[in-house]
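Student: Here it is, the structure, as structure tokens.
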Amino acid sequence: MIPAVRKREFLFLQGPPGPFFPELARGLAERGAGIHRINLSGGDVYDWPKGGLNYRGRSANWPMFFDRFVRARQITDLVLFGDCRPMHQTALRMAQLRGVHIHVFEEGYIRPDWMTLERDGVNGHSPMRREPEMLLAAARWLPQVPALPPITADFRRRARDSYWHYHHVVTGKLNFPFYTSHRPGSIMLDGIGWSFKFLRRPRRRRQTMETLAALAGRKFFLFPLQLTGDYQIRAHSPFGTMAVAIDYVLESFARFAPTDHVLLVKEHPLDSGFRNWRRFLVARARRLGIADRVLHIDGGDLDELCAETVGMVCVNSTSGTLALEAGKPVVVLGDAVYDIPGVTHQNGLDTFWKGAEHPSAELYDAFKRALHAKCLVRGGLASESALKILVRNSVNRLLVESGPVDTRQLAPPVVQELGSRPASPK
């Protein structure tokens, strides 16, 4: 007698702003899964207006509320976006006590066109094994990373989804009196910053063009900034803020970099602009006597810059994978899934400027194969077509990886959908 397969019951917590989680839930429900949702803020209610349970209590009461919900609804799977938000951290640990499968989404390790989806944790908490020998051995059995056309994306859609989500976080405060956003600082101040940044757009574009023109013919290291509020900086680096990371990099550059090299600092495209990074960098560089060797841009093509740079310095930005793709040396100052001996520089920042270790093409290829097979789903959040691709591939991954399930109900695996077959061992 074949044992009955237990029905999967998925509990969704906070997702990225926009319709991704509701659409993903709909796709899972069409395959017979049970769907549950707990809203923690007015923004969550806006994104998931029907069928969710609103938690309006204090964070101190959240662990037992969550545990009782899991037991009462017989939850088998927990789905969330990001594993460092305080409410998510608590839920994740409580779910582990009950043997619940945990699925964590995050922005893609390799961008664009991919999102991260891992079991139990992402980024510095990723369970992915990264020993070079293991990666090389696994690559013999894994398919090549498929060459696929780019997915349609529109920054305005992400901006719109984010605006309305956080608008309802603020306006829904009375209904969720104890909710505190995982984002540091003020949402309203960020909004003001974005308004001024939009007004300064022509000026920023002109400054970027002038800086890149002045850079022509000069050897430069590239330093892409990250968002201070990102947990990549707050939880997966020793710095806590991006300003501290900048100080660390500039001081090392001033002491150890060749005097004929320039450090090009690229601002993050999603930075609200509330802090004037150009002014901050100029002041720091002058104090260190390197004002003529530190340049700032708020724009530019990152792929082109990676192709031209002599090396990249980053805390743990996914931009590092673009430089590695171009065969350029990268040094990582925090925790990054791609920080692997033989792929990134391993002897500290001070030695990087004059003795950077170039990535092994074979090992980086093996890493990419493992990453695509285990940690990435194709799709995106910035267009309707990208969202449909992401939902379809995420449903397949979620239903396959937690087993046991009735595989007759599943669509073809993602690897087959991409038109690629597993490679035979060499």
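Here's how to read the names in the structure tokens: chain A, B, ... by the order shown, residue numbers from 1 in each chain, ligand numbers from 1 in the order shown.
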Once DSSP has gone over the backbone, tell me which residues of range 127-172 of chain A are in alpha helix (DSSP H), as number ranges by chain.
Tutor: A: 132-139, 155-171
Student: Which polymer residues have any atom within 10 Å of an atom of Arg157 in chain A, counting only C-alpha atoms, with same-chain residues fewer than 5 positions away left out, as a JSON list (two decimals) with N, CA and C atoms, in the first residue's frame?
Tutor:
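Output saved as around.json:
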```
[["chain", "number", "residue", "atom", "x", "y", "z"],
["A", 18, "GLY", "N", 5.01, 44.47, -3.78],
["A", 18, "GLY", "CA", 4.41, 44.12, -5.06],
["A", 18, "GLY", "C", 3.66, 42.80, -5.01],
["A", 162, "SER", "N", 7.29, 49.68, -4.52],
["A", 162, "SER", "CA", 7.90, 50.05, -3.24],
["A", 162, "SER", "C", 7.20, 51.26, -2.63],
["A", 163, "TYR", "N", 6.88, 52.25, -3.47],
["A", 163, "TYR", "CA", 6.23, 53.45, -2.94],
["A", 163, "TYR", "C", 4.91, 53.10, -2.26],
["A", 381, "LEU", "N", 11.11, 40.86, -10.82],
["A", 381, "LEU", "CA", 9.99, 41.58, -10.23],
["A", 381, "LEU", "C", 9.62, 42.84, -11.00],
["A", 382, "ALA", "N", 10.39, 43.18, -12.05],
["A", 382, "ALA", "CA", 10.28, 44.50, -12.65],
["A", 382, "ALA", "C", 9.45, 44.55, -13.93],
["A", 383, "SER", "N", 8.70, 43.49, -14.24],
["A", 383, "SER", "CA", 7.78, 43.52, -15.37],
["A", 383, "SER", "C", 6.79, 42.37, -15.22],
["A", 384, "GLU", "N", 5.68, 42.46, -15.93],
["A", 384, "GLU", "CA", 4.66, 41.41, -15.84],
["A", 384, "GLU", "C", 5.19, 40.08, -16.37]]
```
Student: Restricting the calculation to only C-alpha atoms: of A:Ser181, A:Gln144, A:Gln226, A:Thr208, which residue gets closest to Ser59 in chain A?
Tutor: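 Selected residue with least distance to Ser59 in chain A: A:Ser181.
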Student: Could you pull the residues within 12 Å of Arg85 in chain A, counting only C-alpha atoms, minus those fewer than 4 positions along the same chain, as a VMD selection string?
Tutor: chain A and resid 13 to 15 40 59 80 to 81 89 to 92 104 121 180 to 184 229 to 232 234 to 235
Student: Just the residues within 12 Å of Gly320 in chain A, please, counting only C-alpha atoms, with nothing from its chain fewer than 3 positions along; format it as a PyMOL selection string.
Tutor: chain A and resi 109-111+222-226+302-303+305-306+311-317+323-334+336-339+343-345+359+364
Student: Restricting it to C-alpha atoms, dump the selection as a compact mmCIF listing (two decimals), in the first residue's frame.
Tutor:
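Below is the file that was written, again_18.txt:
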```txt
# COMPACT_ATOMS: atom_id res chain seq x y z
CA TYR A 109 23.14 36.47 -6.37
CA ILE A 110 23.61 36.90 -10.10
CA ARG A 111 21.64 39.67 -11.76
CA LEU A 222 36.06 49.99 -8.94
CA PHE A 223 34.24 50.26 -5.60
CA PRO A 224 30.44 49.86 -5.90
CA LEU A 225 28.57 51.19 -2.88
CA GLN A 226 25.77 49.26 -1.23
CA LEU A 302 28.37 48.62 -14.52
CA ASP A 303 29.10 45.94 -17.14
CA LEU A 305 33.08 49.50 -15.95
CA CYS A 306 33.76 45.90 -14.91
CA GLY A 311 39.93 45.07 -10.04
CA MET A 312 36.86 45.47 -7.84
CA VAL A 313 36.62 46.13 -4.12
CA CYS A 314 33.25 45.35 -2.53
CA VAL A 315 31.82 44.54 0.84
CA ASN A 316 29.67 41.69 -0.47
CA SER A 317 27.78 43.21 -3.39
CA ALA A 323 33.62 41.61 -12.32
CA LEU A 324 34.35 37.89 -11.94
CA GLU A 325 32.39 37.22 -15.12
CA ALA A 326 34.75 39.66 -16.84
CA GLY A 327 37.76 37.80 -15.41
CA LYS A 328 38.73 40.66 -13.10
CA PRO A 329 40.08 40.20 -9.56
CA VAL A 330 37.66 40.88 -6.71
CA VAL A 331 38.27 41.33 -2.99
CA VAL A 332 35.35 40.84 -0.59
CA LEU A 333 35.29 42.58 2.80
CA GLY A 334 32.18 40.93 4.25
CA ALA A 336 29.53 36.68 0.26
CA VAL A 337 28.41 33.41 -1.27
CA TYR A 338 31.02 33.82 -4.03
CA ASP A 339 33.96 34.51 -1.69
CA VAL A 343 37.71 32.82 -7.15
CA THR A 344 38.29 35.94 -5.04
CA HIS A 345 41.40 37.54 -3.55
CA PRO A 359 39.87 34.29 -10.54
CA TYR A 364 34.19 30.21 -11.20
```
Student: Grab the CA of Leu117 in chain A to CA of Asn393 in chain A distance for me, in Å with one decimal place.
Tutor: 10.5 Å
Student: Distance CA of Lys388 in chain A-CA of Trp114 in chain A, one decimal place?
Tutor: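 Atom-to-atom, CA of Lys388 in chain A and CA of Trp114 in chain A are spaced 12.7 Å apart.
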Student: Enumerate as a PyMOL selection string all residues of range 151-301 of chain A assigned to strand (DSSP E or B) by DSSP on the backbone, naming them with the chain letters and numbers the document uses.
Tutor: chain A and resi 219-224+261-266+294-297
Student: Keeping only C-alpha atoms, take the residues you just selected and write them out as a PDB file, in the first residue's frame.
Tutor:
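As written to disk, out17.pdb reads:
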```pdb
ATOM      1  CA  LYS A 219      43.978  52.661 -14.488  1.00  0.00           C
ATOM      2  CA  PHE A 220      41.243  52.376 -11.905  1.00  0.00           C
ATOM      3  CA  PHE A 221      39.847  50.136  -9.192  1.00  0.00           C
ATOM      4  CA  LEU A 222      36.063  49.989  -8.939  1.00  0.00           C
ATOM      5  CA  PHE A 223      34.245  50.259  -5.603  1.00  0.00           C
ATOM      6  CA  PRO A 224      30.438  49.860  -5.901  1.00  0.00           C
ATOM      7  CA  HIS A 261      45.831  54.241 -10.022  1.00  0.00           C
ATOM      8  CA  VAL A 262      42.421  55.785  -9.331  1.00  0.00           C
ATOM      9  CA  LEU A 263      39.590  54.549  -7.113  1.00  0.00           C
ATOM     10  CA  LEU A 264      36.217  54.965  -8.832  1.00  0.00           C
ATOM     11  CA  VAL A 265      33.326  54.857  -6.358  1.00  0.00           C
ATOM     12  CA  LYS A 266      29.951  54.069  -7.922  1.00  0.00           C
ATOM     13  CA  VAL A 294      39.223  59.252  -5.805  1.00  0.00           C
ATOM     14  CA  LEU A 295      36.326  59.773  -8.228  1.00  0.00           C
ATOM     15  CA  HIS A 296      32.580  59.392  -7.692  1.00  0.00           C
ATOM     16  CA  ILE A 297      29.758  58.624 -10.127  1.00  0.00           C
TER      17      ILE A 297
END
```
Student: If you count only C-alpha atoms, which residues fall within 9 Å of Trp353 in chain A, apart from same-chain ones fewer than 5 positions away, as a list in words?
Tutor: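 Residues near the query, excluding close chain neighbours: Phe221, Ser252, Phe253, Phe256, Ala257, Pro258 and Gly311 of chain A.
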